[in-house]
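Okay, model-v2.csv is below, CSV, N, CA and C atoms:
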```csv
chain,number,residue,atom,x,y,z
A,96,MET,N,115.6,86.1,115.5
A,96,MET,CA,115.4,87.4,114.8
A,96,MET,C,114.3,88.2,115.5
A,97,LYS,N,114.6,89.4,115.9
A,97,LYS,CA,113.6,90.3,116.5
A,97,LYS,C,112.8,91.0,115.4
A,98,THR,N,111.5,90.9,115.6
A,98,THR,CA,110.6,91.5,114.7
A,98,THR,C,109.7,92.5,115.4
A,99,SER,N,108.9,93.3,114.7
A,99,SER,CA,108.0,94.2,115.3
A,99,SER,C,106.6,93.7,115.5
A,100,THR,N,106.5,92.4,115.4
A,100,THR,CA,105.2,91.7,115.7
A,100,THR,C,105.3,90.6,116.7
A,101,LYS,N,104.3,90.3,117.4
A,101,LYS,CA,104.2,89.2,118.3
A,101,LYS,C,104.2,87.9,117.6
A,102,ALA,N,104.3,86.8,118.3
A,102,ALA,CA,104.2,85.5,117.7
A,102,ALA,C,102.8,85.3,117.1
A,103,PRO,N,102.7,84.7,115.9
A,103,PRO,CA,101.4,84.5,115.3
A,103,PRO,C,100.5,83.6,116.0
A,104,THR,N,99.2,83.9,115.9
A,104,THR,CA,98.2,83.0,116.4
A,104,THR,C,98.0,81.8,115.5
A,105,LYS,N,97.2,80.8,116.0
A,105,LYS,CA,96.9,79.6,115.2
A,105,LYS,C,96.2,80.0,113.9
A,106,GLU,N,95.3,81.0,114.0
A,106,GLU,CA,94.5,81.4,112.8
A,106,GLU,C,95.4,82.2,111.8
A,107,GLN,N,96.4,82.9,112.4
A,107,GLN,CA,97.3,83.6,111.5
A,107,GLN,C,98.2,82.7,110.7
A,108,VAL,N,98.7,81.6,111.4
A,108,VAL,CA,99.5,80.6,110.8
A,108,VAL,C,98.6,79.9,109.7
A,109,ARG,N,97.4,79.7,110.0
A,109,ARG,CA,96.5,79.1,109.0
A,109,ARG,C,96.4,80.0,107.8
A,110,ARG,N,96.3,81.3,108.0
A,110,ARG,CA,96.2,82.3,106.9
A,110,ARG,C,97.4,82.1,106.0
A,111,TRP,N,98.6,82.1,106.6
A,111,TRP,CA,99.9,81.9,105.9
A,111,TRP,C,99.9,80.6,105.1
A,112,ASN,N,99.5,79.5,105.7
A,112,ASN,CA,99.5,78.2,105.0
A,112,ASN,C,98.5,78.3,103.8
A,113,ASP,N,97.3,78.8,104.1
A,113,ASP,CA,96.3,78.9,103.0
A,113,ASP,C,96.8,79.8,101.9
A,114,LEU,N,97.4,81.0,102.2
A,114,LEU,CA,97.9,81.9,101.2
A,114,LEU,C,99.0,81.2,100.4
A,115,GLN,N,99.9,80.4,101.1
A,115,GLN,CA,100.9,79.7,100.4
A,115,GLN,C,100.4,78.6,99.4
A,116,ALA,N,99.3,78.0,99.8
A,116,ALA,CA,98.6,77.0,99.0
A,116,ALA,C,98.1,77.7,97.7
A,117,ILE,N,97.6,78.9,97.8
A,117,ILE,CA,97.1,79.7,96.7
A,117,ILE,C,98.3,80.1,95.8
A,118,GLY,N,99.4,80.5,96.4
A,118,GLY,CA,100.6,80.9,95.7
A,118,GLY,C,100.8,82.3,95.6
A,119,CYS,N,101.9,82.7,94.9
A,119,CYS,CA,102.3,84.1,94.7
A,119,CYS,C,101.2,84.9,94.0
A,120,VAL,N,100.8,86.0,94.7
A,120,VAL,CA,99.8,86.8,94.1
A,120,VAL,C,100.3,87.5,92.8
A,121,ALA,N,101.5,87.9,92.8
A,121,ALA,CA,102.0,88.6,91.6
A,121,ALA,C,102.0,87.6,90.4
A,122,THR,N,102.5,86.4,90.6
A,122,THR,CA,102.5,85.4,89.5
A,122,THR,C,101.1,85.1,89.0
A,123,LEU,N,100.1,85.1,90.0
A,123,LEU,CA,98.7,84.8,89.6
A,123,LEU,C,98.2,86.0,88.7
A,124,LEU,N,98.5,87.2,89.1
A,124,LEU,CA,98.1,88.3,88.3
A,124,LEU,C,98.7,88.4,87.0
A,125,ARG,N,100.0,88.0,86.9
A,125,ARG,CA,100.7,88.1,85.6
A,125,ARG,C,100.4,87.0,84.7
A,126,THR,N,100.2,85.8,85.2
A,126,THR,CA,100.0,84.6,84.4
A,126,THR,C,98.7,83.8,84.6
A,127,GLY,N,98.1,84.1,85.7
A,127,GLY,CA,96.9,83.3,86.0
A,127,GLY,C,97.2,82.0,86.6
A,128,VAL,N,98.4,81.7,86.9
A,128,VAL,CA,98.8,80.4,87.5
A,128,VAL,C,98.8,80.5,89.0
A,129,THR,N,98.1,79.5,89.6
A,129,THR,CA,98.1,79.5,91.1
A,129,THR,C,99.1,78.4,91.6
A,130,GLY,N,99.4,78.5,92.9
A,130,GLY,CA,100.2,77.5,93.5
A,130,GLY,C,101.7,77.7,93.4
A,131,THR,N,102.1,78.9,92.9
A,131,THR,CA,103.6,79.2,92.8
A,131,THR,C,104.1,79.4,94.2
A,132,PRO,N,105.1,78.6,94.6
A,132,PRO,CA,105.7,78.8,95.9
A,132,PRO,C,106.1,80.2,96.2
A,133,GLY,N,106.0,80.6,97.4
A,133,GLY,CA,106.5,82.0,97.8
A,133,GLY,C,106.7,82.2,99.2
A,134,ASP,N,107.2,83.4,99.6
A,134,ASP,CA,107.5,83.8,100.9
A,134,ASP,C,106.2,84.6,101.4
A,135,VAL,N,106.0,84.5,102.7
A,135,VAL,CA,105.0,85.4,103.4
A,135,VAL,C,105.7,86.7,103.5
A,136,HIS,N,105.0,87.7,102.9
A,136,HIS,CA,105.5,89.1,103.0
A,136,HIS,C,104.6,89.9,103.9
A,137,HIS,N,105.2,90.5,104.9
A,137,HIS,CA,104.4,91.4,105.8
A,137,HIS,C,104.4,92.8,105.3
A,138,LEU,N,103.2,93.4,105.2
A,138,LEU,CA,103.1,94.8,104.8
A,138,LEU,C,103.6,95.7,105.9
A,139,LEU,N,104.2,96.8,105.5
A,139,LEU,CA,104.8,97.7,106.5
A,139,LEU,C,104.1,99.1,106.5
A,140,SER,N,104.2,99.7,107.7
A,140,SER,CA,103.7,101.1,107.8
A,140,SER,C,104.7,101.8,108.7
A,141,GLY,N,105.3,102.8,108.2
A,141,GLY,CA,106.3,103.5,109.0
A,141,GLY,C,107.5,102.6,109.3
A,142,GLY,N,107.8,101.7,108.4
A,142,GLY,CA,109.0,100.8,108.6
A,142,GLY,C,108.7,99.6,109.6
A,143,LYS,N,107.5,99.5,110.1
A,143,LYS,CA,107.2,98.4,111.0
A,143,LYS,C,106.1,97.6,110.4
A,144,ARG,N,106.2,96.3,110.7
A,144,ARG,CA,105.1,95.3,110.2
A,144,ARG,C,103.8,95.8,110.8
A,145,MET,N,102.8,95.7,109.9
A,145,MET,CA,101.4,96.1,110.3
A,145,MET,C,100.8,95.0,111.1
A,146,GLY,N,101.3,93.8,111.1
A,146,GLY,CA,100.8,92.6,111.8
A,146,GLY,C,100.7,91.4,110.9
A,147,HIS,N,100.4,90.3,111.5
A,147,HIS,CA,100.4,89.0,110.8
A,147,HIS,C,99.2,88.9,109.8
A,148,ASP,N,98.1,89.7,110.0
A,148,ASP,CA,97.0,89.7,109.2
A,148,ASP,C,97.2,90.5,107.9
A,149,PHE,N,98.2,91.3,107.9
A,149,PHE,CA,98.5,92.1,106.7
A,149,PHE,C,99.7,91.5,105.9
A,150,THR,N,99.4,90.3,105.4
A,150,THR,CA,100.4,89.5,104.7
A,150,THR,C,99.9,89.0,103.3
A,151,ILE,N,100.9,88.9,102.4
A,151,ILE,CA,100.6,88.4,101.1
A,151,ILE,C,101.7,87.4,100.8
A,152,VAL,N,101.6,86.6,99.8
A,152,VAL,CA,102.6,85.6,99.4
A,152,VAL,C,103.2,86.1,98.1
A,153,LEU,N,104.6,86.2,98.1
A,153,LEU,CA,105.3,86.6,96.9
A,153,LEU,C,106.4,85.6,96.6
A,154,HIS,N,106.6,85.2,95.4
A,154,HIS,CA,107.7,84.4,94.9
A,154,HIS,C,109.0,85.1,95.4
A,155,PRO,N,110.1,84.3,95.7
A,155,PRO,CA,111.3,85.0,96.2
A,155,PRO,C,111.8,86.1,95.2
A,156,TRP,N,111.6,85.9,93.9
A,156,TRP,CA,112.1,87.0,93.0
A,156,TRP,C,111.4,88.3,93.3
A,157,TYR,N,110.0,88.2,93.5
A,157,TYR,CA,109.3,89.5,93.7
A,157,TYR,C,109.5,90.0,95.1
A,158,HIS,N,109.7,89.1,96.1
A,158,HIS,CA,109.8,89.5,97.5
A,158,HIS,C,111.2,90.0,97.8
A,159,ARG,N,112.2,89.2,97.4
A,159,ARG,CA,113.6,89.5,97.9
A,159,ARG,C,114.6,89.7,96.7
A,160,GLY,N,114.1,89.6,95.5
A,160,GLY,CA,115.0,89.8,94.3
A,160,GLY,C,115.9,88.6,94.1
A,161,VAL,N,115.5,87.4,94.6
A,161,VAL,CA,116.3,86.2,94.5
A,161,VAL,C,115.8,85.3,93.5
A,162,SER,N,116.7,84.8,92.6
A,162,SER,CA,116.3,83.8,91.6
A,162,SER,C,117.5,83.0,91.2
A,163,ASP,N,117.3,81.8,90.7
A,163,ASP,CA,118.4,81.0,90.2
A,163,ASP,C,119.0,81.6,88.9
A,164,LEU,N,118.2,82.5,88.3
A,164,LEU,CA,118.7,83.1,87.0
A,164,LEU,C,119.4,84.4,87.3
A,165,PRO,N,120.1,84.9,86.3
A,165,PRO,CA,120.7,86.3,86.5
A,165,PRO,C,119.6,87.3,86.6
A,166,PRO,N,119.8,88.4,87.4
A,166,PRO,CA,118.7,89.3,87.6
A,166,PRO,C,118.1,89.9,86.4
A,167,ALA,N,118.9,90.2,85.3
A,167,ALA,CA,118.3,90.7,84.1
A,167,ALA,C,117.4,89.7,83.4
A,168,ARG,N,117.7,88.5,83.5
A,168,ARG,CA,116.9,87.4,82.9
A,168,ARG,C,115.6,87.2,83.7
A,169,SER,N,115.8,87.3,85.0
A,169,SER,CA,114.6,87.1,85.9
A,169,SER,C,113.6,88.3,85.7
A,170,ARG,N,114.1,89.5,85.5
A,170,ARG,CA,113.3,90.6,85.3
A,170,ARG,C,112.6,90.5,83.9
A,171,GLU,N,113.3,90.0,82.9
A,171,GLU,CA,112.7,89.8,81.6
A,171,GLU,C,111.6,88.8,81.6
A,172,LEU,N,111.8,87.7,82.4
A,172,LEU,CA,110.8,86.6,82.4
A,172,LEU,C,109.7,86.9,83.4
A,173,PHE,N,110.0,87.4,84.5
A,173,PHE,CA,109.0,87.6,85.6
A,173,PHE,C,108.5,89.0,85.8
A,174,GLY,N,109.2,90.0,85.3
A,174,GLY,CA,108.8,91.3,85.6
A,174,GLY,C,109.6,91.9,86.7
A,175,PRO,N,109.2,93.1,87.1
A,175,PRO,CA,110.0,93.8,88.2
A,175,PRO,C,109.8,93.1,89.6
A,176,SER,N,110.9,93.2,90.4
A,176,SER,CA,110.9,92.7,91.7
A,176,SER,C,110.5,93.8,92.7
A,177,LEU,N,109.7,93.5,93.7
A,177,LEU,CA,109.4,94.5,94.7
A,177,LEU,C,110.6,95.0,95.4
A,178,ALA,N,111.5,94.1,95.7
A,178,ALA,CA,112.7,94.4,96.4
A,178,ALA,C,113.7,95.2,95.6
A,179,LEU,N,113.7,95.0,94.3
A,179,LEU,CA,114.7,95.7,93.5
A,179,LEU,C,114.2,96.8,92.6
A,180,HIS,N,112.9,96.8,92.3
A,180,HIS,CA,112.3,97.7,91.3
A,180,HIS,C,110.9,98.1,91.8
A,181,LYS,N,110.9,98.7,93.0
A,181,LYS,CA,109.6,98.9,93.7
A,181,LYS,C,108.6,99.7,92.8
A,182,LYS,N,109.1,100.8,92.2
A,182,LYS,CA,108.2,101.7,91.4
A,182,LYS,C,107.6,100.9,90.3
A,183,GLU,N,108.4,100.2,89.5
A,183,GLU,CA,108.0,99.4,88.4
A,183,GLU,C,107.1,98.3,88.8
A,184,PHE,N,107.4,97.6,90.0
A,184,PHE,CA,106.6,96.6,90.5
A,184,PHE,C,105.1,97.1,90.7
A,185,ILE,N,105.0,98.2,91.4
A,185,ILE,CA,103.7,98.8,91.7
A,185,ILE,C,103.0,99.2,90.4
A,186,GLU,N,103.7,99.7,89.4
A,186,GLU,CA,103.0,100.0,88.2
A,186,GLU,C,102.5,98.8,87.5
A,187,GLU,N,103.1,97.7,87.6
A,187,GLU,CA,102.7,96.4,86.9
A,187,GLU,C,101.6,95.7,87.7
A,188,PHE,N,101.8,95.6,89.1
A,188,PHE,CA,101.0,94.7,89.9
A,188,PHE,C,100.1,95.5,90.8
A,189,GLY,N,100.3,96.7,91.0
A,189,GLY,CA,99.5,97.5,92.0
A,189,GLY,C,100.3,97.6,93.3
A,190,ASP,N,99.9,98.5,94.2
A,190,ASP,CA,100.6,98.6,95.5
A,190,ASP,C,100.3,97.5,96.4
A,191,GLU,N,101.0,97.4,97.5
A,191,GLU,CA,100.8,96.3,98.5
A,191,GLU,C,99.4,96.3,99.0
A,192,THR,N,98.8,97.4,99.2
A,192,THR,CA,97.4,97.4,99.7
A,192,THR,C,96.5,96.7,98.7
A,193,TYR,N,96.7,97.0,97.5
A,193,TYR,CA,95.9,96.3,96.4
A,193,TYR,C,96.1,94.8,96.4
A,194,LEU,N,97.4,94.4,96.5
A,194,LEU,CA,97.8,93.0,96.6
A,194,LEU,C,97.2,92.3,97.8
A,195,LEU,N,97.1,93.1,98.9
A,195,LEU,CA,96.5,92.5,100.1
A,195,LEU,C,95.0,92.3,99.9
A,196,GLU,N,94.3,93.3,99.2
A,196,GLU,CA,92.9,93.1,98.9
A,196,GLU,C,92.6,91.9,98.0
A,197,VAL,N,93.5,91.7,97.0
A,197,VAL,CA,93.4,90.6,96.1
A,197,VAL,C,93.6,89.3,96.9
A,198,SER,N,94.6,89.3,97.7
A,198,SER,CA,95.0,88.1,98.5
A,198,SER,C,93.8,87.7,99.4
A,199,ASN,N,93.2,88.7,100.1
A,199,ASN,CA,92.1,88.4,101.0
A,199,ASN,C,90.9,87.9,100.2
A,200,GLN,N,90.6,88.4,99.0
A,200,GLN,CA,89.5,87.9,98.2
A,200,GLN,C,89.8,86.4,97.8
A,201,LEU,N,91.0,86.2,97.4
A,201,LEU,CA,91.4,84.8,97.0
A,201,LEU,C,91.3,83.9,98.2
A,202,LEU,N,91.7,84.3,99.4
A,202,LEU,CA,91.7,83.5,100.6
A,202,LEU,C,90.2,83.2,100.9
A,203,THR,N,89.3,84.1,100.8
A,203,THR,CA,87.9,83.9,101.1
A,203,THR,C,87.4,82.8,100.1
A,204,LYS,N,87.7,82.9,98.8
A,204,LYS,CA,87.2,81.9,97.8
A,204,LYS,C,87.8,80.6,98.1
A,205,TYR,N,89.1,80.6,98.5
A,205,TYR,CA,89.8,79.3,98.8
A,205,TYR,C,89.2,78.6,100.0
A,206,ARG,N,88.9,79.4,101.0
A,206,ARG,CA,88.3,78.8,102.2
A,206,ARG,C,86.9,78.4,102.0
A,207,ASN,N,86.2,79.1,101.2
A,207,ASN,CA,84.8,78.6,100.9
A,207,ASN,C,84.8,77.3,100.1
A,208,THR,N,85.9,77.1,99.3
A,208,THR,CA,86.0,75.9,98.6
A,208,THR,C,86.4,74.7,99.4
A,209,ILE,N,87.4,74.9,100.3
A,209,ILE,CA,88.0,73.8,101.1
A,209,ILE,C,87.5,73.9,102.6
A,210,GLY,N,86.7,74.8,102.9
A,210,GLY,CA,86.4,75.1,104.3
A,210,GLY,C,85.9,73.8,105.1
A,211,ASP,N,84.9,73.1,104.6
A,211,ASP,CA,84.4,72.0,105.3
A,211,ASP,C,85.5,70.9,105.5
A,212,SER,N,86.3,70.6,104.5
A,212,SER,CA,87.3,69.6,104.7
A,212,SER,C,88.4,70.0,105.7
A,213,TYR,N,88.7,71.3,105.7
A,213,TYR,CA,89.7,71.8,106.7
A,213,TYR,C,89.1,71.7,108.1
A,214,GLU,N,87.8,72.1,108.3
A,214,GLU,CA,87.2,72.1,109.6
A,214,GLU,C,87.1,70.6,110.1
A,215,LYS,N,86.8,69.7,109.2
A,215,LYS,CA,86.8,68.3,109.6
A,215,LYS,C,88.2,67.8,110.0
A,216,ALA,N,89.2,68.2,109.3
A,216,ALA,CA,90.5,67.8,109.6
A,216,ALA,C,91.0,68.4,111.0
A,217,GLU,N,90.6,69.6,111.2
A,217,GLU,CA,90.9,70.2,112.5
A,217,GLU,C,90.2,69.5,113.7
A,218,ARG,N,89.0,69.1,113.5
A,218,ARG,CA,88.2,68.4,114.5
A,218,ARG,C,88.9,67.0,114.8
A,219,CYS,N,89.3,66.4,113.7
A,219,CYS,CA,90.0,65.0,113.9
A,219,CYS,C,91.3,65.2,114.6
A,220,SER,N,92.1,66.2,114.2
A,220,SER,CA,93.4,66.4,114.8
A,220,SER,C,93.3,66.8,116.3
A,221,ASN,N,92.3,67.6,116.6
A,221,ASN,CA,92.0,68.0,118.0
A,221,ASN,C,91.5,66.8,118.8
A,222,ALA,N,90.7,65.9,118.2
A,222,ALA,CA,90.2,64.7,118.9
A,222,ALA,C,91.4,63.8,119.2
A,223,ALA,N,92.4,63.7,118.3
A,223,ALA,CA,93.5,62.8,118.5
A,223,ALA,C,94.4,63.2,119.6
A,224,VAL,N,94.4,64.5,120.0
A,224,VAL,CA,95.3,65.0,121.0
A,224,VAL,C,94.9,64.5,122.4
```

Transcribe the structure of this file into structure tokens.
Amino acid sequence: MKTSTKAPTKEQVRRWNDLQAIGCVATLLRTGVTGTPGDVHHLLSGGKRMGHDFTIVLHPWYHRGVSDLPPARSRELFGPSLALHKKEFIEEFGDETYLLEVSNQLLTKYRNTIGDSYEKAERCSNAAV
């Protein structure tokens, strides 16, 4: 698949993994629940990806409008989907720039909490190579 961005760096892949561990930002804002699995969503400008650092995690319903439930039931339970109801999604959760700010704040807190253990694991894996 051809994309408008280059291959991600090791740090960008770490960003995605850490954000996925935190979970869907929309679910967190709606329910306070962390760890909900989701897709990495790249923010766009002029129809092109802004880059791998401009990413948030959204549950497949919010990201692509995909759910095991019928769409009407998914909307009732989860709220509007960015893919299917962009205006309503922004009204409920904020625009993507706001969600990026929230995600970056959560990422900083997450890394401050697990940072030492992650760095130790990195040193161990690098030493094993």

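For region 122-193 of chain A, the set of residues given alpha helix (DSSP H) by DSSP on the backbone reads Thr122, Leu123, Leu124, Arg125, Thr126, Pro155, Trp156, Tyr157, His158, Arg159, Pro166, Ala167, Arg168, Ser169, Arg170, Glu171, Leu172, Phe173, Lys181, Lys182, Glu183, Phe184, Ile185, Glu186, Glu187, Phe188, Glu191, Thr192 and Tyr193 of chain A.
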
Q: Show which residues sit within 8 Å of Trp111 (chain A), as a list in words. Count all atoms listed in the file, and ignore same-chain residues fewer than 3 positions away.
A: Lys105, Glu106, Gln107, Val108, Leu114, Gln115, Ala116, Ile117, Val135, His147, Thr150, Ile151 and Val152 of chain A

Q | Long-range neighbours of Glu187 (chain A) as number ranges by chain, 8 Å cut-off, all atoms listed in the file, 4 positions minimum in chain | A | A: 124-125, 175, 181-183

Q: For Ser176 (chain A), list every protein, DNA or RNA residue within 6 Å, evaluated using only C-alpha atoms, and leave out those in the same chain fewer than 5 positions away; present the list as an NGL selection string.
A: :A and (156-157 or 160 or 184)

Q) Hey, can you check how far atom C of Gly127 (chain A) sits from atom C of Leu194 (chain A)? A) 15.2 Å

Q) If you run DSSP on the backbone, which residues of chain A are strand (DSSP E), as a list in words? A) Asp134, Val135, His136, His137, Leu139, Ser140, Lys143, Arg144, Thr150, Ile151, Val152 and Leu153 of chain A

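Nearest-residue note for Val161 (chain A): choosing from A:Leu179, A:Gly118, A:Leu195, A:Asp113, the minimum distance belongs to A:Leu179, counting only N, CA and C atoms.
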
Generate the coordinates of N, CA, C and O atoms for region 169-182 of chain A; report them as a short mmCIF file (atom, residue, chain, number, x, y, z; two decimals), in the coordinates of the input.
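Below you can see selection27.cif, which holds the result:
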```cif
data_model
loop_
_atom_site.label_atom_id
_atom_site.label_comp_id
_atom_site.auth_asym_id
_atom_site.auth_seq_id
_atom_site.Cartn_x
_atom_site.Cartn_y
_atom_site.Cartn_z
N SER A 169 115.80 87.30 85.00
CA SER A 169 114.60 87.10 85.90
C SER A 169 113.60 88.30 85.70
O SER A 169 112.41 88.06 85.56
N ARG A 170 114.10 89.50 85.50
CA ARG A 170 113.30 90.60 85.30
C ARG A 170 112.60 90.50 83.90
O ARG A 170 111.38 90.78 83.77
N GLU A 171 113.30 90.00 82.90
CA GLU A 171 112.70 89.80 81.60
C GLU A 171 111.60 88.80 81.60
O GLU A 171 110.53 88.97 81.03
N LEU A 172 111.80 87.70 82.40
CA LEU A 172 110.80 86.60 82.40
C LEU A 172 109.70 86.90 83.40
O LEU A 172 108.51 86.57 83.07
N PHE A 173 110.00 87.40 84.50
CA PHE A 173 109.00 87.60 85.60
C PHE A 173 108.50 89.00 85.80
O PHE A 173 107.46 89.16 86.51
N GLY A 174 109.20 90.00 85.30
CA GLY A 174 108.80 91.30 85.60
C GLY A 174 109.60 91.90 86.70
O GLY A 174 110.52 91.26 87.23
N PRO A 175 109.20 93.10 87.10
CA PRO A 175 110.00 93.80 88.20
C PRO A 175 109.80 93.10 89.60
O PRO A 175 108.80 92.54 89.88
N SER A 176 110.90 93.20 90.40
CA SER A 176 110.90 92.70 91.70
C SER A 176 110.50 93.80 92.70
O SER A 176 111.03 94.95 92.54
N LEU A 177 109.70 93.50 93.70
CA LEU A 177 109.40 94.50 94.70
C LEU A 177 110.60 95.00 95.40
O LEU A 177 110.80 96.18 95.67
N ALA A 178 111.50 94.10 95.70
CA ALA A 178 112.70 94.40 96.40
C ALA A 178 113.70 95.20 95.60
O ALA A 178 114.39 96.09 96.15
N LEU A 179 113.70 95.00 94.30
CA LEU A 179 114.70 95.70 93.50
C LEU A 179 114.20 96.80 92.60
O LEU A 179 114.95 97.73 92.21
N HIS A 180 112.90 96.80 92.30
CA HIS A 180 112.30 97.70 91.30
C HIS A 180 110.90 98.10 91.80
O HIS A 180 109.94 97.93 91.14
N LYS A 181 110.90 98.70 93.00
CA LYS A 181 109.60 98.90 93.70
C LYS A 181 108.60 99.70 92.80
O LYS A 181 107.44 99.37 92.67
N LYS A 182 109.10 100.80 92.20
CA LYS A 182 108.20 101.70 91.40
C LYS A 182 107.60 100.90 90.30
O LYS A 182 106.38 100.96 90.02
#
```
